[in-house]
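*Asks:* Below is one structure. I have some questions about it.
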Amino acid sequence: MAYTVQEAAEKILAPIRSLGAELVALRSAHGRVLAEDIISPIEHPPWDNSSMDGYAVRASDVSRASSSSPVRLRVLETVAAGQRPTQSLEPNTAIRVMTGAPVPDGADSVIRVEDTDAGENTVEIRDARDAGRNVRPRGEDLQPGRVAVPRGITIGAAQLGVLASVGCVEVPVHRRPRVAVLSSGDELVGVDEFDAVRRGDRIVSSNSYTICASVLDAGGEVVDLGIVRDDPDAYVERIAAARGCDLLVTTGGVSVGAFDFTKDVLTSLGAELHLWRIRMRPGAPLGFGMLHDMPWLGLPGNPVSAMVTFELFGKPLIRKQRGESLIFRRTIDVRAREEITIAAPLTHFLRAVVTWENDGAWARLTGPQGSGLLTSMARANALLVVPPDRAVVKAGECLRALPLSDAGYSATFDV
Ligand code: AMP
Ligand code: MG
């Protein structure tokens with residue numbers, strides 16, 4: 001039975017669970033998914049502090065200050081960030097404070113230095129606009145016992161900073177999936193055997209490179225099982241090396257050719273097959289099943305089909321294992337630059353270049369769409385999605401596109 005792409009995504013993701021937690025050093029937690037709520041043990045900031053370089057004062061002492069009628073106050077002391085005031089503020093006095101320095105008892109305002117004569121022993125206040133302002137209360141950012149960073153969050157720069165602020169030197173994060181990648185085909189060699197390619201006898205197993213890189217892109221760890229011949233025994237032996245991995249990805253041998261053994265080998269090893277064909281192009285033959293506890297994704301051998309199916313199903317699978325809550329890439333609305341016809345009622349994923357114009361995003365195809373044309377994948381920044389019921393899409397009509405690269409970048413400063 002052939003499934004739609006939506007059904008296939010559901011079937012593939014249903015048995016996938018987030019992996020257990022491990023503790024990693026704070027800096028290594030960058031990019032990982034937090035497995036537990038992190039509770040703050042402290043209050044931050046730990047003291048009422050100044051948000052300005054200026055003079056801590058009482059609002060009532062300065063409320064009538066102006067440039068024509070300044071108020072002069074005695075300066076009791078100077079407090080830098082990292083120091084503490086040694087005294088409380090008395091009426092008609094000021095304490096000179098720097099940004100971040102504790103505000104002394106009795107003060108409710110910090111007058112910015114720009115509104116004063118910057119005096120050291122006495123100070124002239126020339127504006128009342130800061131009366132009652134510029135004091136950051138203690139505990140404004142973090143309170144003890146409260147969640148500082150919630151579980152399920154992907155740890156980016158800001159989250160890392162908060163974790164550091166609350167002293168989380170070891171961070172509980174979901175384990176990164178270890179992904180075994182195996183390519184099959186008698187015609188394949190690694191790039192180290194390029195002489196055979198030059199002689200015209202072999203082709204490079206580009207899937208070994210594209211899929212391993214895509215695993216890394218999705219945040220998995222690669223266990224490269226290399227290339228295996230189209231021989232069931234060799235296949236069985238090689239798959240044994242995937243033991244202990246969280247996912248097995250194979251490429252090739254899932255079609256109906258005389259030497260397409262992948263399915264038979266997996267079944268002979270006791271795999272439960274959940275899915276075999278998807279109503280999509282490229283990449284219709286796609287195997288998915290569970291080999292005991294390990295999910296197996298059987299990508300087609302054609303380089304573009306392998307990449308597209310991995311993009312659609314493999315990356316969300318890895319993201320789910322990583323504990324990510326948002327696992328699917330968001331599509332964007334684009335308009336077709338040219339007329340597009342599709343030959344079969346399948347969901348098509350066409351390699352395209354999306355550009356942002358003044359009137360919105362436009363997509364043009366990278367050229368011929370054969371599933372062996374990896375250079376057209378290398379030129380694309382998106383996959384244009386043509387639903388099965390849109391046999392003809394006219395130029396200017398709307399479609400959705402799945403960004404491949406960081407299509408969010410621009411050569412011009414866009415703020
Ligand atoms: P298969 O799915 O094994 O029938 O292969 C389909 C097509 O993809 C054939 O033209 C293969 O030569 C090609 N192919 C299979 N595996 C790879 C690979 N790892 N790298 C590049 N091309 C491949
Ligand atoms: Mg093959």
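Each chain in the structure tokens gets a letter, A, B, ..., in the order shown, and its residues are numbered from 1; ligands are numbered from 1 in order too.
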Please give the complete set of residues from segment 246-307 of chain A that DSSP, run on the backbone, assigns to strand (DSSP E), formatted as a ChimeraX atom specification.

*Replies:* /A:247-251,272-278,280-281,285-291,294-299

*Asks:* List the spatial neighbours of Ser66 of chain A as a list in words - criterion: any atom at most 6 Å away, only C-alpha atoms, same-chain residues fewer than 2 positions off excluded.

*Replies:*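 So the residues in contact are Ser68, Ser69, Pro70, Arg126 and Asp127 of chain A.
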
*Asks:* Can you write just those residues out, N, CA and C atoms, as a PDB file, in the first residue's frame?

*Replies:*
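Output contents, as saved in again31.pdb:
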ATOM      1  N   SER A  68      17.659  75.621  35.524  1.00  0.00           N
ATOM      2  CA  SER A  68      17.698  77.000  36.014  1.00  0.00           C
ATOM      3  C   SER A  68      17.730  77.044  37.545  1.00  0.00           C
ATOM      4  N   SER A  69      17.274  75.932  38.159  1.00  0.00           N
ATOM      5  CA  SER A  69      17.269  75.915  39.622  1.00  0.00           C
ATOM      6  C   SER A  69      17.741  74.550  40.119  1.00  0.00           C
ATOM      7  N   PRO A  70      19.069  74.294  39.958  1.00  0.00           N
ATOM      8  CA  PRO A  70      19.592  72.984  40.341  1.00  0.00           C
ATOM      9  C   PRO A  70      19.571  72.773  41.854  1.00  0.00           C
ATOM     10  N   ARG A 126      20.559  68.686  37.916  1.00  0.00           N
ATOM     11  CA  ARG A 126      20.018  69.727  37.035  1.00  0.00           C
ATOM     12  C   ARG A 126      18.719  69.322  36.346  1.00  0.00           C
ATOM     13  N   ASP A 127      18.225  68.140  36.668  1.00  0.00           N
ATOM     14  CA  ASP A 127      16.989  67.680  36.004  1.00  0.00           C
ATOM     15  C   ASP A 127      16.311  66.676  36.928  1.00  0.00           C
TER      16      ASP A 127
END

*Asks:* Counting only C-alpha atoms and all ligand atoms, name the residues that have an atom within 7 Å of an atom of ligand 2; the answer should be given as number ranges by chain.

*Replies:* A: 184-185, 230, 252-253, 259-260, 301

*Asks:* Considering only alpha helix (DSSP H) as DSSP defines it on the backbone, what residues of segment 45-213 of chain A qualify? List them as a list in words.

*Replies:* Ala59, Ser60, Asp61, Val62, Ala157, Ala158, Gln159, Leu160, Gly161, Val162, Leu163, Ala164, Ser165, Phe194, Asp195, Ala196, Val197, Arg198, Ser206, Asn207, Ser208, Tyr209, Thr210, Ile211, Cys212 and Ala213 of chain A

*Asks:* Would you list the residues that come within 8 Å of ligand 1? Count only C-alpha atoms and all ligand atoms and give the answer as a PyMOL selection string.

*Replies:* chain A and resi 183-185+187-188+203-208+227+251-257+259-260+299-303+372

*Asks:* Out of A:Met307, A:Val334, A:Ala29, A:Ala401, which residue has the shortest atom-to-atom distance to Met377 of chain A when counting only C-alpha atoms?

*Replies:* A:Met307

*Asks:* Please provide as an mmCIF file with all heavy atoms, in the first residue's frame all residues within 12 Å of Tyr409 of chain A, with the sequence filter that same-chain residues fewer than 2 positions apart are discarded (counting only C-alpha atoms).

*Replies:*
data_model
loop_
_atom_site.group_PDB
_atom_site.id
_atom_site.type_symbol
_atom_site.label_atom_id
_atom_site.label_comp_id
_atom_site.auth_asym_id
_atom_site.auth_seq_id
_atom_site.Cartn_x
_atom_site.Cartn_y
_atom_site.Cartn_z
ATOM 1 N N VAL A 354 14.385 29.979 -4.265
ATOM 2 C CA VAL A 354 13.425 30.982 -3.802
ATOM 3 C C VAL A 354 14.179 32.288 -3.598
ATOM 4 O O VAL A 354 15.244 32.307 -2.983
ATOM 5 C CB VAL A 354 12.758 30.529 -2.484
ATOM 6 C CG1 VAL A 354 11.936 31.660 -1.865
ATOM 7 C CG2 VAL A 354 11.891 29.303 -2.722
ATOM 8 N N THR A 355 13.617 33.361 -4.155
ATOM 9 C CA THR A 355 14.209 34.687 -3.923
ATOM 10 C C THR A 355 13.124 35.598 -3.355
ATOM 11 O O THR A 355 11.940 35.431 -3.653
ATOM 12 C CB THR A 355 14.752 35.306 -5.226
ATOM 13 O OG1 THR A 355 13.735 35.228 -6.225
ATOM 14 C CG2 THR A 355 15.994 34.589 -5.715
ATOM 15 N N TRP A 356 13.570 36.523 -2.530
ATOM 16 C CA TRP A 356 12.626 37.464 -1.911
ATOM 17 C C TRP A 356 12.645 38.760 -2.710
ATOM 18 O O TRP A 356 13.685 39.418 -2.795
ATOM 19 C CB TRP A 356 13.005 37.701 -0.457
ATOM 20 C CG TRP A 356 12.417 36.650 0.426
ATOM 21 C CD1 TRP A 356 11.290 36.770 1.182
ATOM 22 C CD2 TRP A 356 12.896 35.317 0.634
ATOM 23 N NE1 TRP A 356 11.039 35.584 1.825
ATOM 24 C CE2 TRP A 356 11.997 34.682 1.519
ATOM 25 C CE3 TRP A 356 13.973 34.583 0.144
ATOM 26 C CZ2 TRP A 356 12.152 33.365 1.930
ATOM 27 C CZ3 TRP A 356 14.129 33.273 0.552
ATOM 28 C CH2 TRP A 356 13.227 32.679 1.435
ATOM 29 N N ASN A 381 17.682 26.108 -3.012
ATOM 30 C CA ASN A 381 17.610 26.500 -1.598
ATOM 31 C C ASN A 381 16.252 26.138 -1.006
ATOM 32 O O ASN A 381 15.970 26.480 0.141
ATOM 33 C CB ASN A 381 17.925 27.985 -1.395
ATOM 34 C CG ASN A 381 16.871 28.893 -1.995
ATOM 35 O OD1 ASN A 381 15.894 28.438 -2.578
ATOM 36 N ND2 ASN A 381 17.069 30.195 -1.856
ATOM 37 N N PRO A 403 12.024 25.355 2.825
ATOM 38 C CA PRO A 403 13.398 25.857 2.718
ATOM 39 C C PRO A 403 14.403 24.753 3.049
ATOM 40 O O PRO A 403 14.162 23.942 3.939
ATOM 41 C CB PRO A 403 13.455 26.958 3.781
ATOM 42 C CG PRO A 403 12.034 27.290 4.092
ATOM 43 C CD PRO A 403 11.250 26.042 3.860
ATOM 44 N N SER A 405 18.151 25.436 2.863
ATOM 45 C CA SER A 405 19.291 26.052 3.526
ATOM 46 C C SER A 405 18.746 27.157 4.407
ATOM 47 O O SER A 405 17.549 27.293 4.581
ATOM 48 C CB SER A 405 20.226 26.637 2.483
ATOM 49 O OG SER A 405 19.481 27.505 1.668
ATOM 50 N N ASP A 406 19.646 27.965 4.950
ATOM 51 C CA ASP A 406 19.188 29.085 5.736
ATOM 52 C C ASP A 406 18.734 30.190 4.811
ATOM 53 O O ASP A 406 19.428 31.169 4.578
ATOM 54 C CB ASP A 406 20.261 29.550 6.710
ATOM 55 C CG ASP A 406 19.995 28.933 8.067
ATOM 56 O OD1 ASP A 406 18.841 29.030 8.512
ATOM 57 O OD2 ASP A 406 20.914 28.359 8.651
ATOM 58 N N ALA A 407 17.542 29.968 4.258
ATOM 59 C CA ALA A 407 16.995 30.923 3.300
ATOM 60 C C ALA A 407 16.665 32.250 3.963
ATOM 61 O O ALA A 407 16.288 33.195 3.305
ATOM 62 C CB ALA A 407 15.751 30.327 2.654
ATOM 63 N N ALA A 411 21.871 39.594 1.787
ATOM 64 C CA ALA A 411 23.138 40.307 1.628
ATOM 65 C C ALA A 411 23.011 41.745 2.119
ATOM 66 O O ALA A 411 24.021 42.422 2.321
ATOM 67 C CB ALA A 411 23.570 40.293 0.167
ATOM 68 N N THR A 412 21.787 42.222 2.279
ATOM 69 C CA THR A 412 21.605 43.600 2.731
ATOM 70 C C THR A 412 21.078 43.627 4.156
ATOM 71 O O THR A 412 20.391 42.704 4.576
ATOM 72 C CB THR A 412 20.581 44.333 1.815
ATOM 73 O OG1 THR A 412 19.400 43.535 1.756
ATOM 74 C CG2 THR A 412 21.136 44.542 0.433
ATOM 75 N N PHE A 413 21.435 44.688 4.859
ATOM 76 C CA PHE A 413 20.985 44.856 6.255
ATOM 77 C C PHE A 413 19.515 45.202 6.209
ATOM 78 O O PHE A 413 19.127 46.200 5.614
ATOM 79 C CB PHE A 413 21.815 45.962 6.903
ATOM 80 C CG PHE A 413 21.660 46.021 8.389
ATOM 81 C CD1 PHE A 413 22.141 45.010 9.185
ATOM 82 C CD2 PHE A 413 21.035 47.104 8.995
ATOM 83 C CE1 PHE A 413 22.031 45.059 10.575
ATOM 84 C CE2 PHE A 413 20.903 47.172 10.364
ATOM 85 C CZ PHE A 413 21.387 46.149 11.154
ATOM 86 N N ASP A 414 18.699 44.353 6.824
ATOM 87 C CA ASP A 414 17.277 44.338 6.533
ATOM 88 C C ASP A 414 16.434 44.865 7.694
ATOM 89 O O ASP A 414 15.237 44.682 7.726
ATOM 90 C CB ASP A 414 16.906 42.871 6.235
ATOM 91 C CG ASP A 414 15.687 42.765 5.358
ATOM 92 O OD1 ASP A 414 15.346 43.775 4.714
ATOM 93 O OD2 ASP A 414 15.063 41.692 5.346
#

*Asks:* List as a PyMOL selection string the protein and nucleic acid residues near segment 40-53 of chain A, meaning an atom at most 12 Å away when only C-alpha atoms are counted, but skip any in the same chain fewer than 5 places from it.

*Replies:* chain A and resi 78-85+95-116+118+130+132-150+162-168

*Asks:* Would you output that residue set with C-alpha atoms, as a PDB file, in the first residue's frame?

*Replies:*
ATOM      1  CA  THR A  78      31.317  56.411  45.566  1.00  0.00           C
ATOM      2  CA  VAL A  79      30.229  52.799  44.956  1.00  0.00           C
ATOM      3  CA  ALA A  80      31.483  50.858  41.935  1.00  0.00           C
ATOM      4  CA  ALA A  81      29.880  47.645  40.598  1.00  0.00           C
ATOM      5  CA  GLY A  82      31.288  44.906  42.836  1.00  0.00           C
ATOM      6  CA  GLN A  83      31.443  47.183  45.900  1.00  0.00           C
ATOM      7  CA  ARG A  84      28.868  47.816  48.610  1.00  0.00           C
ATOM      8  CA  PRO A  85      27.794  51.126  50.125  1.00  0.00           C
ATOM      9  CA  ILE A  95      25.834  58.400  46.878  1.00  0.00           C
ATOM     10  CA  ARG A  96      27.690  58.197  43.605  1.00  0.00           C
ATOM     11  CA  VAL A  97      26.988  54.790  42.001  1.00  0.00           C
ATOM     12  CA  MET A  98      28.063  53.033  38.830  1.00  0.00           C
ATOM     13  CA  THR A  99      25.846  50.785  36.699  1.00  0.00           C
ATOM     14  CA  GLY A 100      25.247  47.490  38.519  1.00  0.00           C
ATOM     15  CA  ALA A 101      26.368  48.829  41.893  1.00  0.00           C
ATOM     16  CA  PRO A 102      24.040  48.255  44.847  1.00  0.00           C
ATOM     17  CA  VAL A 103      21.728  51.170  45.542  1.00  0.00           C
ATOM     18  CA  PRO A 104      22.082  52.218  49.212  1.00  0.00           C
ATOM     19  CA  ASP A 105      19.264  51.965  51.715  1.00  0.00           C
ATOM     20  CA  GLY A 106      17.160  55.065  51.688  1.00  0.00           C
ATOM     21  CA  ALA A 107      17.613  55.774  47.961  1.00  0.00           C
ATOM     22  CA  ASP A 108      14.760  55.358  45.518  1.00  0.00           C
ATOM     23  CA  SER A 109      16.270  57.006  42.432  1.00  0.00           C
ATOM     24  CA  VAL A 110      19.475  57.233  40.447  1.00  0.00           C
ATOM     25  CA  ILE A 111      20.071  60.513  38.637  1.00  0.00           C
ATOM     26  CA  ARG A 112      22.097  59.889  35.506  1.00  0.00           C
ATOM     27  CA  VAL A 113      25.487  61.594  35.518  1.00  0.00           C
ATOM     28  CA  GLU A 114      24.580  63.551  32.369  1.00  0.00           C
ATOM     29  CA  ASP A 115      21.994  65.499  34.401  1.00  0.00           C
ATOM     30  CA  THR A 116      24.601  66.596  36.971  1.00  0.00           C
ATOM     31  CA  ALA A 118      29.569  64.983  37.937  1.00  0.00           C
ATOM     32  CA  ASP A 130      15.051  60.465  36.876  1.00  0.00           C
ATOM     33  CA  GLY A 132      11.887  57.598  41.204  1.00  0.00           C
ATOM     34  CA  ARG A 133      13.742  55.823  38.366  1.00  0.00           C
ATOM     35  CA  ASN A 134      16.786  53.732  37.441  1.00  0.00           C
ATOM     36  CA  VAL A 135      16.724  51.315  40.389  1.00  0.00           C
ATOM     37  CA  ARG A 136      16.560  47.674  39.262  1.00  0.00           C
ATOM     38  CA  PRO A 137      14.977  45.696  42.108  1.00  0.00           C
ATOM     39  CA  ARG A 138      16.661  42.581  43.448  1.00  0.00           C
ATOM     40  CA  GLY A 139      15.115  39.351  42.153  1.00  0.00           C
ATOM     41  CA  GLU A 140      13.722  41.137  39.094  1.00  0.00           C
ATOM     42  CA  ASP A 141      15.061  38.471  36.702  1.00  0.00           C
ATOM     43  CA  LEU A 142      15.222  35.208  38.685  1.00  0.00           C
ATOM     44  CA  GLN A 143      13.642  34.050  41.917  1.00  0.00           C
ATOM     45  CA  PRO A 144      14.664  31.029  44.028  1.00  0.00           C
ATOM     46  CA  GLY A 145      12.426  28.000  43.529  1.00  0.00           C
ATOM     47  CA  ARG A 146      11.086  29.230  40.193  1.00  0.00           C
ATOM     48  CA  VAL A 147      11.771  27.597  36.815  1.00  0.00           C
ATOM     49  CA  ALA A 148      14.652  29.423  35.156  1.00  0.00           C
ATOM     50  CA  VAL A 149      14.611  27.358  31.915  1.00  0.00           C
ATOM     51  CA  PRO A 150      11.838  24.840  31.193  1.00  0.00           C
ATOM     52  CA  VAL A 162      20.464  31.821  32.056  1.00  0.00           C
ATOM     53  CA  LEU A 163      21.739  28.329  32.934  1.00  0.00           C
ATOM     54  CA  ALA A 164      25.124  29.869  33.730  1.00  0.00           C
ATOM     55  CA  SER A 165      23.476  32.578  35.837  1.00  0.00           C
ATOM     56  CA  VAL A 166      21.828  29.941  38.059  1.00  0.00           C
ATOM     57  CA  GLY A 167      25.025  27.899  38.446  1.00  0.00           C
ATOM     58  CA  CYS A 168      24.019  24.939  36.273  1.00  0.00           C
TER      59      CYS A 168
END

*Asks:* Near segment 274-276 of chain A, counting only C-alpha atoms, which residues have an atom at most 10 Å away, once you skip same-chain residues fewer than 2 positions from it, shown as a list in words?

*Replies:*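 Result of the neighbour search: Met1, Ala2, Tyr3, Glu7, Ala8, Lys11, Ile12, Val254, Ser255, Lys263, Ala271, Glu272, Ile278, Ala284, Pro285, Leu286, Gly287, Phe288, Gly289, Met290, Trp296, Leu297 and Gly298 of chain A.
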
*Asks:* Selection from above, C-alpha atoms, as an mmCIF file, in the first residue's frame, can you write it?

*Replies:*
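result-v2.cif was written with the following content:
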data_model
loop_
_atom_site.group_PDB
_atom_site.id
_atom_site.type_symbol
_atom_site.label_atom_id
_atom_site.label_comp_id
_atom_site.auth_asym_id
_atom_site.auth_seq_id
_atom_site.Cartn_x
_atom_site.Cartn_y
_atom_site.Cartn_z
ATOM 1 C CA MET A 1 0.000 0.000 0.000
ATOM 2 C CA ALA A 2 1.241 3.470 -0.867
ATOM 3 C CA TYR A 3 0.768 6.250 1.644
ATOM 4 C CA GLU A 7 0.357 9.503 6.337
ATOM 5 C CA ALA A 8 3.977 8.451 5.896
ATOM 6 C CA LYS A 11 3.569 6.325 10.478
ATOM 7 C CA ILE A 12 7.289 7.021 10.708
ATOM 8 C CA VAL A 254 14.671 -0.603 -1.754
ATOM 9 C CA SER A 255 13.278 -0.630 -5.288
ATOM 10 C CA LYS A 263 13.851 -5.240 2.497
ATOM 11 C CA ALA A 271 12.360 -6.190 11.339
ATOM 12 C CA GLU A 272 8.746 -5.174 11.422
ATOM 13 C CA ILE A 278 4.879 6.816 -0.588
ATOM 14 C CA ALA A 284 8.503 6.793 -3.966
ATOM 15 C CA PRO A 285 10.149 3.636 -2.592
ATOM 16 C CA LEU A 286 10.944 4.318 1.028
ATOM 17 C CA GLY A 287 11.193 1.672 3.694
ATOM 18 C CA PHE A 288 10.476 2.239 7.331
ATOM 19 C CA GLY A 289 10.280 -0.281 10.116
ATOM 20 C CA MET A 290 11.507 -1.272 13.530
ATOM 21 C CA TRP A 296 15.172 1.755 10.310
ATOM 22 C CA LEU A 297 14.741 4.224 7.480
ATOM 23 C CA GLY A 298 15.408 2.718 4.045
#

*Asks:* Find the distance between atom CA of Ile342 of chain A and atom CA of Ala380 of chain A and write it in Å to one decimal.

*Replies:*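 Between these atoms lies a distance of 18.6 Å.
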
*Asks:* Rounded to one decimal, what separation in Å do you get between atom CA of Arg58 of chain A and atom CA of Glu120 of chain A?

*Replies:* 17.8 Å

*Asks:* Determine the nearest neighbour of Asp217 of chain A from the options A:Gly314, A:Pro368, A:Pro15, A:Gly119, counting only C-alpha atoms.

*Replies:*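 Answer, going by the shortest atom-to-atom distance: A:Gly314.
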
*Asks:* Against segment 172-176 of chain A, which residues of segment 35-83 of chain A fall within 9 Å? For each one I want the closest pair of atoms and the distance in Å (one decimal), counting only C-alpha atoms, rows by chain and increasing residue number, as JSON lines.

*Replies:*
{"residue": "A:Ala35", "atom": "CA", "partner": "A:Val173", "partner_atom": "CA", "distance": 4.6}
{"residue": "A:Glu36", "atom": "CA", "partner": "A:Pro172", "partner_atom": "CA", "distance": 6.4}
{"residue": "A:Ile38", "atom": "CA", "partner": "A:Pro172", "partner_atom": "CA", "distance": 8.9}
